[in-house]
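Asker: Below you'll find the structure I mean.
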Amino acid sequence: MTDPSSWEQILDYANRANPYPFYEDLRKTPVTRLPDGSYLVSTYAEIAALLHDPRVSSDISRNPAAAAAGVGGNEGDDGEDVGLRATFLSMDPPDHDKFRRITMRHFGPPTTPERVAGMEARMAEIVAGLVDDMAGHRRIDVVDGLAYPLPVTVICELLGVPPGDEQRFRVWVDVALQSTDPGLDPETQQKKRIEAGKELRAFMEELVETHRQAPGNDLLSALVTDDGPEGRLPNEQLVSTGLLLLIAGHETTVNLIANGALTLLRHPAELQRLRNDPDFAIPMVEELLRFEPPVHFVPFRTALDDIHIAGTTIPAGASLTLVLAAGNRDPAHVTDPHLFIPDRPNNQHLGFGGGVHLCFGAPLARLEAQIALTEFARRLENPRLVADPPPYRPSPFLRGPSHLWVDIDGIAHGQDEPAERL
Ligand code: HEM
């Protein structure tokens, strides 16, 4: 039987570096009822089933736990939270499917296959530049030096956000995400979220307008000007979707790259293998998404009907949290779940969620992590962790190091450079 306080332990910042023993405890009861009447689902098969179950809603305005936490709701277009509530992330079909399709038309195959693939060379260039900048230093921070600047630069270029604007939105995004820290009292959380949400919305409204006036080749321009077969996103959706892509596009990938560097440093044989064989990046990143996923759980799903699952009935109207990170280490799904084994035959994981809300940006995130971690392995000479575990960011659900200090002996020269940099 699961001890419900395991969940409190997972939320407790003191356990951020290693929540996995508590996830193990959660899995003893695949579906656990918490004292507030909400449910946690922690085993692979049950999470996968519910991710594909049309009786489980993502509409946050229906969710009692979200209402209690002051998140989401139907307040209208006044920027009440980070602007994510009104996007397809928190909608159900058919609206979800329609808005996702309209957005995807300009992001990926079949209509725009070159948007992500066409950035590969640019990503390699950005990563090479970031690693070049580490030359001359004996101690580097992988988060500030690589894991954060790569995805933020990529998503800004892809969307068409001017380079200097990152300084402006970083603060608001930090506040908006810190306000999900369960350590804060709900009133402070909500106040901070509203303030940050208003700033972010005003910022994106301005961008939407400037792209409408003078469109370029970027994603935002395509979204604000092009009418596909299903029409254009309504204005309020353009703003919300722009923010969703901007935030989801980097706040998760930063953790994948930082968790990846940390995991490789803890597994020197795998680091060496990546150094010798860049193709190893593909299975390695997939295993990373299972072993140290950047998104630990999906909160605020609502049962639309009584759902009988794993011997429990989740009553209609109840709030559910799908604990992806616990499902990823379910021994009923993978053997030796606590071992990092990039060659494992079954690396089907929940790192990108599943069902209709399966991560929209997965191809972009994969490519960024593969390129960043390959360059990390290839060019950093004799990297050593300064602190293990490193300090963590506050969020229990977007989990990753806030800093990752690494001592190095030097930086090997880049692909096109003739000489050592140090
Ligand atoms: C390693 C990096 C990433 C991870 C681990 C990740 C994870 C996830 C997960 C777990 C979901 C499902 C949420 C749910 O079911 O409610 C999701 C959805 C989503 N992700 Fe990602 N994500 C990553 C990168 C990105 C990037 C780079 C973008 C944008 C370019 C992005 C955009 C989205 C969007 C728009 C959704 C909503 C999809 C929908 O509701 O249909 N993500 N992501």
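Chain labels A, B, ... are given in the sequence in which chains occur in the structure tokens; within each chain residues are numbered consecutively from 1, and ligands are likewise numbered from 1 in the order shown.
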Could you find all residues in stretch 299-380 of chain A that DSSP calls strand (DSSP E or B) from the backbone, and write them as a PDB file with N, CA, C and O atoms, in the first residue's frame?
Answerer:
```
ATOM      1  N   PRO A 299      -0.177  17.318 -14.571  1.00  0.00           N
ATOM      2  CA  PRO A 299      -1.201  17.562 -13.557  1.00  0.00           C
ATOM      3  C   PRO A 299      -2.546  17.965 -14.184  1.00  0.00           C
ATOM      4  O   PRO A 299      -2.637  18.185 -15.399  1.00  0.00           O
ATOM      5  N   PHE A 300      -3.548  18.076 -13.359  1.00  0.00           N
ATOM      6  CA  PHE A 300      -4.834  18.710 -13.718  1.00  0.00           C
ATOM      7  C   PHE A 300      -5.586  18.055 -14.873  1.00  0.00           C
ATOM      8  O   PHE A 300      -6.205  18.748 -15.682  1.00  0.00           O
ATOM      9  N   ARG A 301      -5.534  16.714 -14.979  1.00  0.00           N
ATOM     10  CA  ARG A 301      -6.455  16.027 -15.882  1.00  0.00           C
ATOM     11  C   ARG A 301      -7.736  15.751 -15.094  1.00  0.00           C
ATOM     12  O   ARG A 301      -7.679  15.581 -13.872  1.00  0.00           O
ATOM     13  N   THR A 302      -8.869  15.686 -15.782  1.00  0.00           N
ATOM     14  CA  THR A 302     -10.145  15.477 -15.083  1.00  0.00           C
ATOM     15  C   THR A 302     -10.873  14.272 -15.657  1.00  0.00           C
ATOM     16  O   THR A 302     -10.968  14.133 -16.888  1.00  0.00           O
ATOM     17  N   ALA A 303     -11.384  13.412 -14.766  1.00  0.00           N
ATOM     18  CA  ALA A 303     -12.199  12.265 -15.216  1.00  0.00           C
ATOM     19  C   ALA A 303     -13.573  12.791 -15.608  1.00  0.00           C
ATOM     20  O   ALA A 303     -14.233  13.458 -14.817  1.00  0.00           O
ATOM     21  N   ILE A 307     -14.145   6.058 -13.932  1.00  0.00           N
ATOM     22  CA  ILE A 307     -13.161   5.246 -14.675  1.00  0.00           C
ATOM     23  C   ILE A 307     -12.666   4.136 -13.755  1.00  0.00           C
ATOM     24  O   ILE A 307     -12.114   4.407 -12.688  1.00  0.00           O
ATOM     25  N   HIS A 308     -12.885   2.889 -14.162  1.00  0.00           N
ATOM     26  CA  HIS A 308     -12.432   1.735 -13.376  1.00  0.00           C
ATOM     27  C   HIS A 308     -11.057   1.345 -13.896  1.00  0.00           C
ATOM     28  O   HIS A 308     -10.919   0.992 -15.066  1.00  0.00           O
ATOM     29  N   ILE A 309     -10.089   1.420 -13.030  1.00  0.00           N
ATOM     30  CA  ILE A 309      -8.723   1.120 -13.490  1.00  0.00           C
ATOM     31  C   ILE A 309      -7.897   0.586 -12.331  1.00  0.00           C
ATOM     32  O   ILE A 309      -7.961   1.117 -11.217  1.00  0.00           O
ATOM     33  N   THR A 312      -9.424   0.284  -8.961  1.00  0.00           N
ATOM     34  CA  THR A 312      -9.924   1.503  -8.309  1.00  0.00           C
ATOM     35  C   THR A 312     -10.932   2.175  -9.243  1.00  0.00           C
ATOM     36  O   THR A 312     -10.810   2.066 -10.460  1.00  0.00           O
ATOM     37  N   THR A 313     -11.913   2.854  -8.639  1.00  0.00           N
ATOM     38  CA  THR A 313     -12.804   3.666  -9.473  1.00  0.00           C
ATOM     39  C   THR A 313     -12.458   5.136  -9.242  1.00  0.00           C
ATOM     40  O   THR A 313     -12.560   5.639  -8.120  1.00  0.00           O
ATOM     41  N   ILE A 314     -12.027   5.778 -10.313  1.00  0.00           N
ATOM     42  CA  ILE A 314     -11.801   7.229 -10.233  1.00  0.00           C
ATOM     43  C   ILE A 314     -13.149   7.863 -10.560  1.00  0.00           C
ATOM     44  O   ILE A 314     -13.677   7.668 -11.666  1.00  0.00           O
ATOM     45  N   SER A 319      -9.851  15.023 -10.053  1.00  0.00           N
ATOM     46  CA  SER A 319      -8.611  15.474 -10.692  1.00  0.00           C
ATOM     47  C   SER A 319      -7.572  14.346 -10.693  1.00  0.00           C
ATOM     48  O   SER A 319      -7.449  13.612  -9.707  1.00  0.00           O
ATOM     49  N   LEU A 320      -6.844  14.225 -11.789  1.00  0.00           N
ATOM     50  CA  LEU A 320      -5.800  13.191 -11.873  1.00  0.00           C
ATOM     51  C   LEU A 320      -4.450  13.827 -12.173  1.00  0.00           C
ATOM     52  O   LEU A 320      -4.381  14.792 -12.937  1.00  0.00           O
ATOM     53  N   THR A 321      -3.421  13.229 -11.619  1.00  0.00           N
ATOM     54  CA  THR A 321      -2.057  13.571 -12.010  1.00  0.00           C
ATOM     55  C   THR A 321      -1.400  12.294 -12.531  1.00  0.00           C
ATOM     56  O   THR A 321      -1.391  11.272 -11.836  1.00  0.00           O
ATOM     57  N   LEU A 322      -0.897  12.372 -13.745  1.00  0.00           N
ATOM     58  CA  LEU A 322      -0.228  11.203 -14.337  1.00  0.00           C
ATOM     59  C   LEU A 322       1.271  11.367 -14.103  1.00  0.00           C
ATOM     60  O   LEU A 322       1.886  12.311 -14.624  1.00  0.00           O
ATOM     61  N   LEU A 380      34.771  18.657 -24.484  1.00  0.00           N
ATOM     62  CA  LEU A 380      35.218  18.978 -23.119  1.00  0.00           C
ATOM     63  C   LEU A 380      36.262  17.955 -22.682  1.00  0.00           C
ATOM     64  O   LEU A 380      35.996  16.749 -22.713  1.00  0.00           O
TER      65      LEU A 380
END
```
Asker: Excluding A:Arg273 and residues on its chain fewer than 2 positions from it, collect all residues at most 12 Å away from it, counting only C-alpha atoms, and give them as JSON, numbers by chain.
Answerer: {"A": [264, 267, 268, 269, 270, 271, 275, 276, 277, 278, 279, 280, 281, 283, 284, 342, 343, 373, 374, 377, 378]}
Asker: Could you list, as a ChimeraX atom specification, every residue within 12 Å of A:Asn217, counting only C-alpha atoms and ignoring same-chain residues fewer than 5 positions away?
Answerer: /A:106-107,112,114-115,157-161,211-212,222-226
Asker: Please identify the residues whose atoms come within 8 Å of ligand 1, using only C-alpha atoms and all ligand atoms, and report them as a count of residues only.
Answerer: 54
Asker: So that I can see what lies close to A:Glu209, please list as a list in words the residues with an atom at most 12 Å from it, counting only C-alpha atoms and leaving out residues fewer than 4 positions away in the same chain.
Answerer: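 Here the qualifying residues turn out to be Ala202, Phe203, Met204, Glu205, Gln213, Ala214, Pro215, Leu220, Ser221, Leu223, Val224, Thr225, Asn235, Glu236, Leu238, Val239 and Gly242 of chain A.
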Asker: Which residue, A:Pro396, A:Pro64, A:Leu274, A:Asn18, has the smallest gap to A:Phe291 when you use only C-alpha atoms?
Answerer: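 Residue with the minimum atom-to-atom distance to A:Phe291: A:Asn18.
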Asker: Can you tell me how far atom CA of A:Ala49 sits from atom CA of A:Pro30, in Å to one decimal?
Answerer: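 Between atom CA of A:Ala49 and atom CA of A:Pro30 the gap works out to 12.2 Å.
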Asker: Could you tell me how far atom CA of A:Phe376 sits from atom CA of A:Asn15, in Å to one decimal place?
Answerer: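 Distance reported for this atom pair: 27.6 Å.
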Asker: What residues in stretch 25-116 of chain A get the DSSP label helix (DSSP H, G or I)? Please answer as a PyMOL selection string.
Answerer: chain A and resi 25-27+44-51+60-62+64-69+88-90+95-104+114-116
Asker: Kindly assemble as a Markdown table a list of the stretch 348-392 of chain A residues that lie within 8 Å of stretch 121-143 of chain A, each paired with its nearest atom pair and their distance in Å to one decimal, using only C-alpha atoms, sorted first by chain and then by ascending residue number.
Answerer:
```
| residue | atom | partner | partner_atom | distance |
| --- | --- | --- | --- | --- |
| A:Glu368 | CA | A:Met123 | CA | 6.9 |
| A:Ile371 | CA | A:Ala124 | CA | 6.4 |
| A:Ala372 | CA | A:Val127 | CA | 6.1 |
| A:Glu375 | CA | A:Val127 | CA | 7.3 |
| A:Phe376 | CA | A:Val131 | CA | 7.7 |
| A:Arg379 | CA | A:Val131 | CA | 7.7 |
```
Asker: Atom CA of A:Pro331 to atom CA of A:Pro391: how many Å, to one decimal?
Answerer: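 Between atom CA of A:Pro331 and atom CA of A:Pro391 the gap works out to 28.3 Å.
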Asker: Which residue is closest to A:Thr29? Choose from A:Asp3, A:Asp92, A:Asp218, A:Glu230 and count only C-alpha atoms.
Answerer: A:Asp3
Asker: From the set A:Pro394, A:Pro383, A:Pro229, A:Gly311, which residue has the shortest atom-to-atom contact distance to A:Tyr13, counting only C-alpha atoms?
Answerer: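 The answer is A:Pro394, which sits nearest to A:Tyr13.
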Asker: Might you pull out every residue within 8 Å of A:Glu381, with only C-alpha atoms counted and same-chain residues fewer than 2 positions away left off, and present them as a PyMOL selection string?
Answerer: chain A and resi 379+383+408-412
Asker: Put those residues in a file: all heavy atoms, as a JSON list (two decimals), in the first residue's frame.
Answerer:
```
[["chain", "number", "residue", "atom", "x", "y", "z"],
["A", 379, "ARG", "N", 34.13, 17.61, -27.03],
["A", 379, "ARG", "CA", 35.08, 18.73, -26.91],
["A", 379, "ARG", "C", 35.54, 19.05, -25.50],
["A", 379, "ARG", "O", 36.58, 19.67, -25.31],
["A", 379, "ARG", "CB", 34.49, 19.97, -27.58],
["A", 379, "ARG", "CG", 34.34, 19.76, -29.08],
["A", 379, "ARG", "CD", 33.97, 21.03, -29.81],
["A", 379, "ARG", "NE", 34.96, 22.08, -29.64],
["A", 379, "ARG", "CZ", 34.70, 23.37, -29.87],
["A", 379, "ARG", "NH1", 33.50, 23.75, -30.26],
["A", 379, "ARG", "NH2", 35.63, 24.28, -29.68],
["A", 383, "PRO", "N", 36.13, 16.12, -18.32],
["A", 383, "PRO", "CA", 35.14, 16.82, -17.49],
["A", 383, "PRO", "C", 34.86, 16.09, -16.18],
["A", 383, "PRO", "O", 34.75, 14.86, -16.16],
["A", 383, "PRO", "CB", 33.88, 16.83, -18.38],
["A", 383, "PRO", "CG", 34.05, 15.66, -19.30],
["A", 383, "PRO", "CD", 35.53, 15.47, -19.50],
["A", 408, "ILE", "N", 37.11, 21.25, -16.10],
["A", 408, "ILE", "CA", 37.65, 20.67, -17.34],
["A", 408, "ILE", "C", 39.13, 21.01, -17.47],
["A", 408, "ILE", "O", 39.61, 21.97, -16.87],
["A", 408, "ILE", "CB", 36.89, 21.20, -18.60],
["A", 408, "ILE", "CG1", 36.84, 22.74, -18.60],
["A", 408, "ILE", "CG2", 35.48, 20.63, -18.67],
["A", 408, "ILE", "CD1", 36.24, 23.33, -19.87],
["A", 409, "ASP", "N", 39.83, 20.18, -18.27],
["A", 409, "ASP", "CA", 41.24, 20.48, -18.52],
["A", 409, "ASP", "C", 41.40, 21.39, -19.73],
["A", 409, "ASP", "O", 42.46, 21.97, -19.95],
["A", 409, "ASP", "CB", 42.03, 19.19, -18.76],
["A", 409, "ASP", "CG", 42.15, 18.37, -17.49],
["A", 409, "ASP", "OD1", 41.85, 18.92, -16.40],
["A", 409, "ASP", "OD2", 42.50, 17.17, -17.57],
["A", 410, "GLY", "N", 40.37, 21.47, -20.54],
["A", 410, "GLY", "CA", 40.44, 22.32, -21.73],
["A", 410, "GLY", "C", 39.29, 22.01, -22.66],
["A", 410, "GLY", "O", 38.42, 21.19, -22.35],
["A", 411, "ILE", "N", 39.32, 22.69, -23.80],
["A", 411, "ILE", "CA", 38.30, 22.50, -24.83],
["A", 411, "ILE", "C", 39.00, 22.05, -26.11],
["A", 411, "ILE", "O", 39.92, 22.73, -26.58],
["A", 411, "ILE", "CB", 37.55, 23.83, -25.08],
["A", 411, "ILE", "CG1", 36.77, 24.27, -23.84],
["A", 411, "ILE", "CG2", 36.63, 23.74, -26.29],
["A", 411, "ILE", "CD1", 35.59, 23.39, -23.49],
["A", 412, "ALA", "N", 38.59, 20.91, -26.64],
["A", 412, "ALA", "CA", 39.20, 20.45, -27.89],
["A", 412, "ALA", "C", 38.73, 21.35, -29.02],
["A", 412, "ALA", "O", 37.67, 21.97, -28.92],
["A", 412, "ALA", "CB", 38.80, 19.01, -28.16]]
```
Asker: I need the residue nearest A:Asp306 from this list: A:Leu262, A:Ala45, A:Arg55, A:Leu367. Use only C-alpha atoms for the distance.
Answerer: A:Arg55
Asker: Measuring between only C-alpha atoms, which one of A:Ser402, A:Gln272, A:Thr263, A:Gln370 shows the shortest distance to A:Phe340?
Answerer: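 Of the candidates, the smallest distance to A:Phe340 is held by A:Thr263.
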